[in-house]
file work-v8.txt (compact mmCIF, C-alpha atoms)
# COMPACT_ATOMS: atom_id res chain seq x y z
CA PHE A 4 44.43 15.76 -56.21
CA PHE A 5 41.05 14.50 -57.41
CA SER A 6 40.02 13.31 -53.93
CA ALA A 7 40.92 16.73 -52.54
CA LEU A 8 38.86 18.40 -55.27
CA VAL A 9 35.83 16.26 -54.40
CA ALA A 10 36.27 17.11 -50.71
CA LEU A 11 36.15 20.82 -51.53
CA GLN A 12 32.85 20.59 -53.43
CA PRO A 13 29.89 22.08 -51.50
CA VAL A 14 27.27 19.78 -50.02
CA PHE A 15 24.06 19.86 -52.06
CA ARG A 16 21.20 21.82 -50.53
CA GLY A 17 19.38 19.73 -47.97
CA MET A 18 21.87 16.86 -47.84
CA ILE A 19 23.57 16.00 -44.57
CA GLU A 20 26.76 14.15 -43.66
CA ASN A 21 26.60 14.27 -39.87
CA ALA A 22 24.62 15.50 -36.86
CA GLU A 23 26.03 19.03 -37.14
CA ASP A 24 24.73 19.28 -40.71
CA PHE A 25 21.27 18.32 -39.45
CA ARG A 26 21.41 20.81 -36.57
CA ARG A 27 22.36 23.53 -39.04
CA LYS A 28 19.41 22.66 -41.29
CA VAL A 29 17.05 22.81 -38.30
CA GLU A 30 18.42 26.23 -37.34
CA GLU A 31 18.11 27.49 -40.92
CA ALA A 32 14.45 26.40 -40.99
CA GLY A 33 13.88 28.57 -37.92
CA GLY A 34 10.84 26.68 -36.67
CA GLU A 35 8.78 27.51 -39.77
CA THR A 36 9.20 23.99 -41.17
CA SER A 37 8.33 20.94 -39.09
CA LEU A 38 11.08 18.42 -38.40
CA ALA A 39 9.26 15.73 -40.38
CA VAL A 40 8.91 17.95 -43.47
CA LEU A 41 12.55 19.01 -43.15
CA ALA A 42 13.56 15.34 -42.93
CA CYS A 43 11.55 14.55 -46.08
CA ASP A 44 13.33 17.37 -47.89
CA ILE A 45 16.73 16.06 -46.79
CA ILE A 46 15.95 12.51 -47.95
CA THR A 47 14.59 13.80 -51.26
CA GLN A 48 17.82 15.74 -51.84
CA CYS A 49 19.75 12.57 -51.03
CA LEU A 50 17.78 10.67 -53.69
CA ARG A 51 18.09 13.45 -56.25
CA HIS A 52 21.87 13.70 -56.01
CA SER A 53 22.72 10.08 -55.24
CA ARG A 54 25.37 8.36 -57.34
CA ALA A 55 24.25 4.90 -56.25
CA THR A 56 24.42 2.18 -58.89
CA THR A 57 22.15 -0.40 -57.22
CA TYR A 58 18.79 -0.32 -55.47
CA GLN A 59 20.27 -1.54 -52.17
CA GLU A 60 22.98 1.10 -52.26
CA LEU A 61 20.33 3.80 -52.76
CA ILE A 62 18.24 2.54 -49.84
CA ASP A 63 21.39 2.32 -47.69
CA GLN A 64 22.07 6.02 -48.39
CA VAL A 65 18.50 6.88 -47.37
CA GLU A 66 18.88 4.87 -44.16
CA LYS A 67 22.18 6.61 -43.43
CA ASN A 68 20.49 10.02 -43.62
CA ILE A 69 17.59 8.82 -41.44
CA ASN A 70 19.99 7.38 -38.85
CA ILE A 71 21.94 10.65 -38.68
CA MET A 72 18.73 12.56 -37.98
CA MET A 73 17.39 10.05 -35.46
CA GLU A 74 20.70 9.85 -33.60
CA THR A 75 21.24 13.60 -33.36
CA PRO A 76 20.99 14.46 -29.64
CA GLY A 77 17.78 16.30 -28.81
CA TYR A 78 15.83 15.11 -31.87
CA GLY A 79 15.59 11.33 -31.83
CA TYR A 80 12.67 11.33 -29.38
CA ARG A 81 10.49 13.44 -31.72
CA ILE A 82 7.59 11.21 -32.72
CA ALA A 83 6.72 13.19 -35.85
CA LEU A 84 10.31 12.83 -37.07
CA GLN A 85 10.24 9.07 -36.44
CA ALA A 86 6.87 8.62 -38.18
CA GLY A 87 7.71 10.89 -41.12
CA CYS A 88 10.98 9.06 -41.85
CA GLU A 89 9.38 5.62 -41.55
CA LEU A 90 6.47 6.58 -43.84
CA TYR A 91 8.83 8.08 -46.40
CA LYS A 92 11.07 5.02 -46.49
CA ARG A 93 8.13 2.60 -46.70
CA TYR A 94 6.56 4.59 -49.48
CA ILE A 95 9.62 4.76 -51.72
CA SER A 96 10.75 1.18 -51.02
CA ARG A 97 7.48 -0.44 -52.15
CA ILE A 98 8.93 -0.58 -55.65
CA ALA A 99 10.96 -3.61 -54.55
CA HIS A 100 7.69 -5.62 -54.62
CA GLU A 101 6.45 -4.34 -57.97
CA GLY A 102 8.37 -6.49 -60.44
CA GLN A 103 11.72 -6.22 -62.17
CA ARG A 104 12.86 -2.92 -63.73
CA ASP A 105 16.30 -1.64 -64.71
CA PHE A 106 17.99 0.43 -62.01
CA GLU A 107 17.69 3.80 -63.77
CA GLU A 108 13.94 3.30 -64.05
CA ILE A 109 13.76 2.24 -60.40
CA LYS A 110 15.73 5.31 -59.35
CA ARG A 111 13.47 7.60 -61.41
CA VAL A 112 10.32 6.16 -59.86
CA ILE A 113 11.74 6.28 -56.33
CA LEU A 114 12.72 9.93 -56.76
CA LYS A 115 9.33 10.82 -58.18
CA ARG A 116 7.61 9.11 -55.27
CA GLY A 117 9.91 10.84 -52.81
CA GLU A 118 9.17 14.24 -54.34
CA TYR A 119 5.45 13.52 -54.25
CA PHE A 120 5.57 12.38 -50.63
CA TYR A 121 7.55 15.50 -49.67
CA SER A 122 5.05 17.77 -51.42
CA LYS A 123 2.15 16.05 -49.62
CA CYS A 124 3.85 16.55 -46.25
CA ASP A 125 4.70 20.15 -47.07
CA SER A 126 1.09 21.01 -47.95
CA SER A 127 -0.51 18.99 -45.13
CA ARG A 128 -0.57 21.87 -42.65
CA GLN A 129 -2.69 23.94 -45.02
CA GLU A 130 -5.05 21.02 -45.64
CA VAL A 131 -5.52 20.49 -41.90
CA ALA A 132 -6.34 24.19 -41.52
CA ASP A 133 -8.90 23.88 -44.34
CA LYS A 134 -10.72 21.16 -42.40
CA LEU A 135 -10.47 22.92 -39.04
CA TYR A 136 -11.43 26.48 -40.01
CA PRO A 137 -15.21 25.86 -40.44
CA PHE A 138 -15.35 24.52 -36.87
CA LEU A 139 -14.02 27.78 -35.43
CA GLN A 140 -17.45 29.28 -35.02
CA PRO A 141 -17.85 33.09 -34.86
CA ASN A 142 -18.00 34.59 -31.34
CA SER A 143 -16.71 31.39 -29.73
CA THR A 144 -14.00 31.08 -27.09
CA ILE A 145 -11.18 28.67 -27.89
CA LEU A 146 -8.60 27.38 -25.41
CA ILE A 147 -5.28 26.40 -27.02
CA HIS A 148 -2.41 24.54 -25.37
CA GLY A 149 1.12 24.07 -26.68
CA LEU A 150 2.46 25.09 -30.09
CA SER A 151 1.11 23.78 -33.39
CA ARG A 152 1.79 25.23 -36.84
CA ALA A 153 -1.42 23.68 -38.17
CA VAL A 154 -3.40 25.46 -35.46
CA ILE A 155 -1.54 28.71 -36.17
CA THR A 156 -2.48 28.46 -39.86
CA ALA A 157 -6.17 27.99 -39.02
CA ILE A 158 -6.23 30.86 -36.52
CA VAL A 159 -4.43 33.24 -38.89
CA ARG A 160 -6.96 32.38 -41.59
CA ALA A 161 -9.80 33.15 -39.18
CA ALA A 162 -8.21 36.53 -38.47
CA LYS A 163 -7.86 37.36 -42.16
CA LYS A 164 -11.53 36.44 -42.70
CA ASN A 165 -12.45 38.86 -39.88
CA ARG A 166 -14.00 36.08 -37.83
CA GLN A 167 -14.65 37.21 -34.27
CA LEU A 168 -13.01 34.81 -31.85
CA ARG A 169 -11.72 34.88 -28.31
CA ILE A 170 -8.50 32.86 -28.11
CA ILE A 171 -7.05 31.86 -24.74
CA PHE A 172 -3.52 30.42 -24.79
CA THR A 173 -2.03 28.50 -21.90
CA GLU A 174 1.53 29.44 -21.04
CA SER A 175 2.45 25.75 -21.52
CA LEU A 176 5.23 25.30 -18.98
CA PRO A 177 8.03 24.34 -18.68
CA ASP A 178 9.11 25.47 -22.19
CA ARG A 179 6.40 28.18 -22.52
CA LYS A 180 5.47 27.04 -26.02
CA GLY A 181 1.92 28.32 -25.59
CA LEU A 182 3.17 31.84 -24.95
CA GLU A 183 5.48 31.49 -27.94
CA MET A 184 2.52 30.47 -30.10
CA ALA A 185 0.46 33.44 -28.92
CA LYS A 186 3.27 35.80 -29.90
CA ILE A 187 3.65 34.14 -33.32
CA ILE A 188 -0.07 34.58 -34.05
CA GLU A 189 -0.05 38.14 -32.77
CA ARG A 190 2.85 38.94 -35.09
CA GLU A 191 1.34 37.23 -38.13
CA ILE A 192 -2.14 38.72 -37.94
CA GLY A 193 -0.99 42.31 -37.41
CA GLN A 194 -3.32 45.03 -36.08
CA GLU A 195 -6.45 44.65 -38.23
CA HIS A 196 -8.38 41.64 -36.92
CA GLU A 197 -11.36 40.60 -34.81
CA LEU A 198 -9.53 38.26 -32.44
CA ALA A 199 -9.31 38.79 -28.70
CA LEU A 200 -6.04 37.18 -27.57
CA SER A 201 -5.08 36.37 -23.99
CA VAL A 202 -2.64 34.14 -22.10
CA ILE A 203 -3.20 32.28 -18.82
CA ARG A 204 -1.07 30.25 -16.45
CA ASP A 205 -1.55 26.51 -16.85
CA SER A 206 -2.94 26.31 -13.30
CA ASN A 207 -5.88 28.55 -14.32
CA VAL A 208 -7.34 26.10 -16.83
CA ALA A 209 -9.99 24.49 -14.62
CA ALA A 210 -11.13 27.87 -13.30
CA ILE A 211 -11.61 29.33 -16.78
CA MET A 212 -12.95 26.22 -18.57
CA SER A 213 -16.60 27.22 -18.00
CA GLU A 214 -16.00 30.19 -20.33
CA VAL A 215 -14.56 27.99 -23.10
CA ASP A 216 -16.51 26.62 -26.08
CA VAL A 217 -13.78 24.46 -27.64
CA VAL A 218 -10.39 23.11 -26.55
CA LEU A 219 -7.86 22.88 -29.37
CA PHE A 220 -4.56 20.97 -29.43
CA GLY A 221 -1.92 20.14 -31.98
CA ALA A 222 -0.13 16.81 -31.62
CA GLU A 223 3.41 15.57 -31.44
CA GLY A 224 2.06 12.20 -32.52
CA VAL A 225 -1.23 10.38 -33.15
CA VAL A 226 -1.02 6.79 -31.91
CA GLU A 227 -2.82 3.53 -32.69
CA THR A 228 -5.30 3.89 -29.85
CA GLY A 229 -6.69 7.08 -31.39
CA GLY A 230 -5.11 9.10 -28.60
CA ILE A 231 -2.33 11.65 -28.93
CA ILE A 232 1.09 12.38 -27.50
CA ASN A 233 1.55 16.10 -27.04
CA THR A 234 2.96 18.88 -24.88
CA ILE A 235 2.83 18.13 -21.16
CA GLY A 236 -0.44 19.34 -19.68
CA THR A 237 -2.57 18.24 -22.63
CA TYR A 238 -3.93 15.24 -20.74
CA GLN A 239 -5.00 17.17 -17.66
CA ILE A 240 -6.65 19.89 -19.77
CA ALA A 241 -8.54 17.19 -21.70
CA LEU A 242 -9.67 15.69 -18.38
CA VAL A 243 -11.08 19.03 -17.26
CA ALA A 244 -12.75 19.58 -20.64
CA LYS A 245 -14.38 16.14 -20.47
CA ALA A 246 -15.67 16.79 -16.95
CA LEU A 247 -17.31 20.04 -18.06
CA GLY A 248 -18.63 18.71 -21.37
CA LYS A 249 -16.37 20.75 -23.67
CA PRO A 250 -15.38 19.35 -27.10
CA VAL A 251 -11.69 18.66 -27.66
CA TYR A 252 -10.31 19.04 -31.18
CA VAL A 253 -6.88 17.92 -32.39
CA ALA A 254 -5.13 19.27 -35.50
CA ALA A 255 -2.63 16.71 -36.77
CA GLU A 256 -0.83 16.20 -40.07
CA SER A 257 -0.81 12.63 -41.42
CA TYR A 258 2.97 12.32 -41.05
CA LYS A 259 2.42 12.45 -37.30
CA PHE A 260 0.45 9.18 -37.33
CA VAL A 261 2.73 6.62 -35.72
CA ARG A 262 2.51 2.90 -35.00
CA HIS A 263 2.82 3.13 -31.26
CA TYR A 264 0.42 1.80 -28.62
CA PRO A 265 0.99 3.49 -25.26
CA LEU A 266 -0.95 2.13 -22.30
CA VAL A 267 0.40 4.30 -19.48
CA GLN A 268 2.21 7.62 -19.22
CA SER A 269 5.55 5.90 -18.72
CA ASP A 270 5.28 4.53 -22.28
CA VAL A 271 5.87 8.07 -23.60
CA GLN A 272 9.50 8.80 -24.46
CA GLN A 273 10.47 12.09 -22.85
CA PRO A 274 12.70 14.85 -24.24
CA PRO A 275 16.24 14.61 -22.89
CA ASP A 276 16.56 18.32 -22.06
CA ILE A 277 13.30 19.22 -20.38
CA ALA A 278 14.71 20.25 -16.99
CA ASP A 279 12.79 23.10 -15.35
CA GLU A 280 15.76 25.28 -14.42
CA GLN A 281 13.69 28.01 -12.76
CA LEU A 282 11.85 25.53 -10.54
CA GLN A 283 15.13 23.81 -9.67
CA ALA A 284 16.66 27.14 -8.68
CA ASP A 285 13.64 27.97 -6.49
CA ALA A 286 13.54 24.49 -4.94
CA GLY A 287 17.20 24.43 -3.97
CA GLU A 288 19.46 21.42 -3.66
CA GLY A 289 17.37 19.57 -1.08
CA LEU A 290 14.36 18.94 -3.33
CA GLU A 291 14.25 16.83 -6.46
CA VAL A 292 12.44 18.49 -9.38
CA ILE A 293 10.44 16.13 -11.60
CA SER A 294 9.75 17.60 -15.02
CA ARG A 295 8.25 16.00 -18.13
CA GLY A 296 7.80 17.41 -21.61
CA LEU A 297 5.13 15.15 -23.13
CA ASP A 298 2.07 13.22 -22.03
CA TYR A 299 -0.44 10.79 -23.54
CA THR A 300 -4.12 11.71 -23.88
CA PRO A 301 -6.36 8.63 -24.34
CA PRO A 302 -8.97 8.63 -27.14
CA GLU A 303 -11.98 8.93 -24.86
CA TYR A 304 -11.02 12.53 -24.13
CA ILE A 305 -10.84 13.57 -27.80
CA THR A 306 -13.87 14.56 -29.88
CA TYR A 307 -12.41 14.90 -33.39
CA LEU A 308 -9.04 14.84 -35.14
CA PHE A 309 -8.62 17.17 -38.12
CA THR A 310 -6.18 15.72 -40.64
CA ASP A 311 -5.03 15.96 -44.27
CA LEU A 312 -6.06 12.36 -44.89
CA LYS A 313 -8.76 11.49 -47.43
CA GLN A 314 -11.37 11.14 -44.68
CA GLY A 315 -10.34 14.54 -43.31
CA ILE A 316 -12.12 14.66 -39.96
CA LEU A 317 -11.74 11.51 -37.86
CA SER A 318 -13.21 10.17 -34.68
CA PRO A 319 -10.55 8.58 -32.45
CA SER A 320 -11.99 5.12 -33.20
CA ALA A 321 -11.18 5.58 -36.92
CA VAL A 322 -7.47 6.21 -36.36
CA SER A 323 -6.43 2.55 -36.29
CA ASP A 324 -7.94 1.86 -39.74
CA GLU A 325 -6.36 5.02 -41.15
CA LEU A 326 -2.97 3.98 -39.82
CA ILE A 327 -3.25 0.65 -41.61
CA LYS A 328 -4.09 2.44 -44.86
CA LEU A 329 -1.34 4.98 -44.37
CA TYR A 330 1.39 2.39 -43.86
CA HIS A 331 0.21 -0.25 -46.32
CA GLU A 332 -1.75 1.37 -49.16
CA PRO A 333 0.09 3.29 -51.89
CA LEU A 334 -0.48 7.04 -52.22
CA LEU A 335 -0.23 6.74 -55.98
CA THR A 336 1.06 4.36 -58.64
CA LEU A 337 3.91 5.49 -60.87
call {"tool": "encode", "arguments": {"input": "work-v8.txt", "output": "C-alpha cells"}}
result
Amino acid sequence: FFSALVALQPVFRGMIENAEDFRRKVEEAGGETSLAVLACDIITQCLRHSRATTYQELIDQVEKNINIMMETPGYGYRIALQAGCELYKRYISRIAHEGQRDFEEIKRVILKRGEYFYSKCDSSRQEVADKLYPFLQPNSTILIHGLSRAVITAIVRAAKKNRQLRIIFTESLPDRKGLEMAKIIEREIGQEHELALSVIRDSNVAAIMSEVDVVLFGAEGVVETGGIINTIGTYQIALVAKALGKPVYVAAESYKFVRHYPLVQSDVQQPPDIADEQLQADAGEGLEVISRGLDYTPPEYITYLFTDLKQGILSPSAVSDELIKLYHEPLLTL
C-alpha cells in the first residue's frame, strides 16, 4: 500500500526520471530557456528534494540526472549541455576537498551553491547583452548567422532604445535557424522601432559582405583554442569576413565554455538528425546528400567574444586562461 502511494505522488517540478521526462521539460521550455540552464534547473531541483543520507549518494543522484539528459537521443551532442552539466557538478562537488562537515551542513552548502550557479547561468544571457549592446553602433549594418538568445536579447534592447540598425539574417540552412531568429526578433520588437530587418540565402553572404560593418554569431560552444563551434556555415562566413576586413563578434554565455580542443572539422560531433530532406528529395536516390549541422571556426577569424565572465570582453587568446579559471577557481565561498 505504501509503495503504491509513493508511486502515485507527482514528480517535483524540474526533476526527471527518464528521457521522456527530459523531453517533456524541453518542450515545456519552448526554446525560451537554453538546454544548459534547463539542465541546471533540473539538477537544482534534484538537490532540493533529495532524500540522500550520504554525500556520495547525493552526488550519485546528480550524476543519474546528468546521464539521463546526456543519453536522451537528440541532445547528448549539445556542447552547451555537456559543458553546463560538467561545470555544475564540479562547482558543487568542490566541498569534498574543503574539510570535514556533517552531512546536513554539506547538503545545505551544496544546494546553496547549486542555486547560485543556476542563477548565474540564468542571468548570463542578459549580462552578455549588456557587454555587446555598446558595440552595436548606430546606423551600422550587422550580419547575423544562426540562432542565439544572447544575440536576440542585445538586438531587442537596441530596438527598444530606438537605435538605428540594419540587420541582415542568413537563412542558416539546413534547419533555417537564422530565419527563425529573424521572426523571433520581429515578433518581440513589435512595430515601433528603428531597425531595418532582412533575410538572405546563405549563398549570398560573400556578395553582400561589402555592405556589412560587423558579423555577429552566437556559439554552441567556446573551445580551448579560443575558437567556436556553431551552426554550420559560421566558418565560411568568418572566412569571407576576414578576407574583406570585417570584425567578427561572438556572443557566448560562460556555461558554453568547454574543455575541447578541435584541430579539424571532423573533430566536431554532429547532430544525429541533421538530414536535409528537401535536398535529398531533389537529388533523388542516385546521389548521396552530405549534410552537417555544426562547424568549427578557428580563433584567428574571431575579433572579440562577449561573455558574462568577470573580464567581459575577451580576445580569442584569452579564452584558455578563462577556461582554467572557470573550471578550477570557485565562484564564491560558502
call {"tool": "closest_atom_pairs", "arguments": {"input": "work-v8.txt", "of": "region 49-155 of chain A", "to": "region 225-240 of chain A", "cutoff": "10 Å", "atoms": "all atoms listed in the file", "output": "tab-separated table"}}
result
residue	atom	partner	partner_atom	distance
A:Ile82	CA	A:Ile232	CA	8.4
A:Ala83	CA	A:Val225	CA	8.9
A:Ala86	CA	A:Val225	CA	9.7
A:Leu146	CA	A:Ile240	CA	9.6
A:Ile147	CA	A:Thr237	CA	9.7
A:His148	CA	A:Thr237	CA	6.9
A:Gly149	CA	A:Thr234	CA	5.8
A:Leu150	CA	A:Thr234	CA	8.1
A:Ser151	CA	A:Asn233	CA	10.0
call {"tool": "atom_distance", "arguments": {"input": "work-v8.txt", "atom1": "CA of Ala22 (chain A)", "atom2": "CA of Met72 (chain A)"}}
result
6.7 Å
call {"tool": "atom_distance", "arguments": {"input": "work-v8.txt", "atom1": "CA of Ser175 (chain A)", "atom2": "CA of Arg81 (chain A)"}}
result
17.9 Å
call {"tool": "residues_around", "arguments": {"input": "work-v8.txt", "residues": "Lys328 (chain A)", "least_positions_apart": "5", "cutoff": "12 Å", "atoms": "all atoms listed in the file", "output": "list of chain:residue names"}}
result
A:Leu90, A:Tyr94, A:Ser257, A:Phe260, A:Arg262, A:Leu312, A:Lys313, A:Gln314, A:Ala321, A:Val322, A:Ser323, A:Pro333, A:Leu334
call {"tool": "closest_residue", "arguments": {"input": "work-v8.txt", "among": "A:Gln64, A:Gln272, A:Thr57, A:Gln283", "to": "Glu20 (chain A)", "atoms": "all atoms listed in the file"}}
result
A:Gln64
call {"tool": "residues_around", "arguments": {"input": "work-v8.txt", "residues": "Leu266 (chain A)", "least_positions_apart": "4", "cutoff": "10 Å", "atoms": "all atoms listed in the file", "output": "PyMOL selection string"}}
result
chain A and resi 228+270-271+299+301
call {"tool": "closest_residue", "arguments": {"input": "work-v8.txt", "among": "A:Tyr58, A:Tyr91, A:Phe138, A:Tyr330", "to": "Arg116 (chain A)", "atoms": "only C-alpha atoms"}}
result
A:Tyr91
call {"tool": "residues_around", "arguments": {"input": "work-v8.txt", "residues": "Arg93 (chain A)", "least_positions_apart": "2", "cutoff": "12 Å", "atoms": "all atoms listed in the file", "output": "MDAnalysis selection string"}}
result
chainID A and resid 62 65:66 86:91 95:100 113 116:117 120 329:334
call {"tool": "residues_around", "arguments": {"input": "work-v8.txt", "residues": "region 125-129 of chain A", "least_positions_apart": "2", "cutoff": "6 Å", "atoms": "only C-alpha atoms", "output": "ChimeraX atom specification"}}
result
/A:40,122-123,131-132,153,256,311
call {"tool": "write_last_selection", "arguments": {"input": "work-v8.txt", "atoms": "C-alpha atoms", "output": "mmCIF file, keeping the file's coordinate frame"}}
result
data_model
loop_
_atom_site.group_PDB
_atom_site.id
_atom_site.type_symbol
_atom_site.label_atom_id
_atom_site.label_comp_id
_atom_site.auth_asym_id
_atom_site.auth_seq_id
_atom_site.Cartn_x
_atom_site.Cartn_y
_atom_site.Cartn_z
ATOM 1 C CA VAL A 40 8.910 17.950 -43.470
ATOM 2 C CA SER A 122 5.050 17.770 -51.420
ATOM 3 C CA LYS A 123 2.150 16.050 -49.620
ATOM 4 C CA VAL A 131 -5.520 20.490 -41.900
ATOM 5 C CA ALA A 132 -6.340 24.190 -41.520
ATOM 6 C CA ALA A 153 -1.420 23.680 -38.170
ATOM 7 C CA GLU A 256 -0.830 16.200 -40.070
ATOM 8 C CA ASP A 311 -5.030 15.960 -44.270
#
call {"tool": "atom_distance", "arguments": {"input": "work-v8.txt", "atom1": "CA of Asp105 (chain A)", "atom2": "CA of Cys49 (chain A)"}}
result
20.0 Å
call {"tool": "closest_residue", "arguments": {"input": "work-v8.txt", "among": "A:Ala55, A:Ala255, A:Ser294, A:Ile19", "to": "Phe106 (chain A)", "atoms": "all atoms listed in the file"}}
result
A:Ala55
call {"tool": "residues_around", "arguments": {"input": "work-v8.txt", "residues": "Thr306 (chain A)", "least_positions_apart": "3", "cutoff": "8 Å", "atoms": "all atoms listed in the file", "output": "ChimeraX atom specification"}}
result
/A:250-252,303,318-319
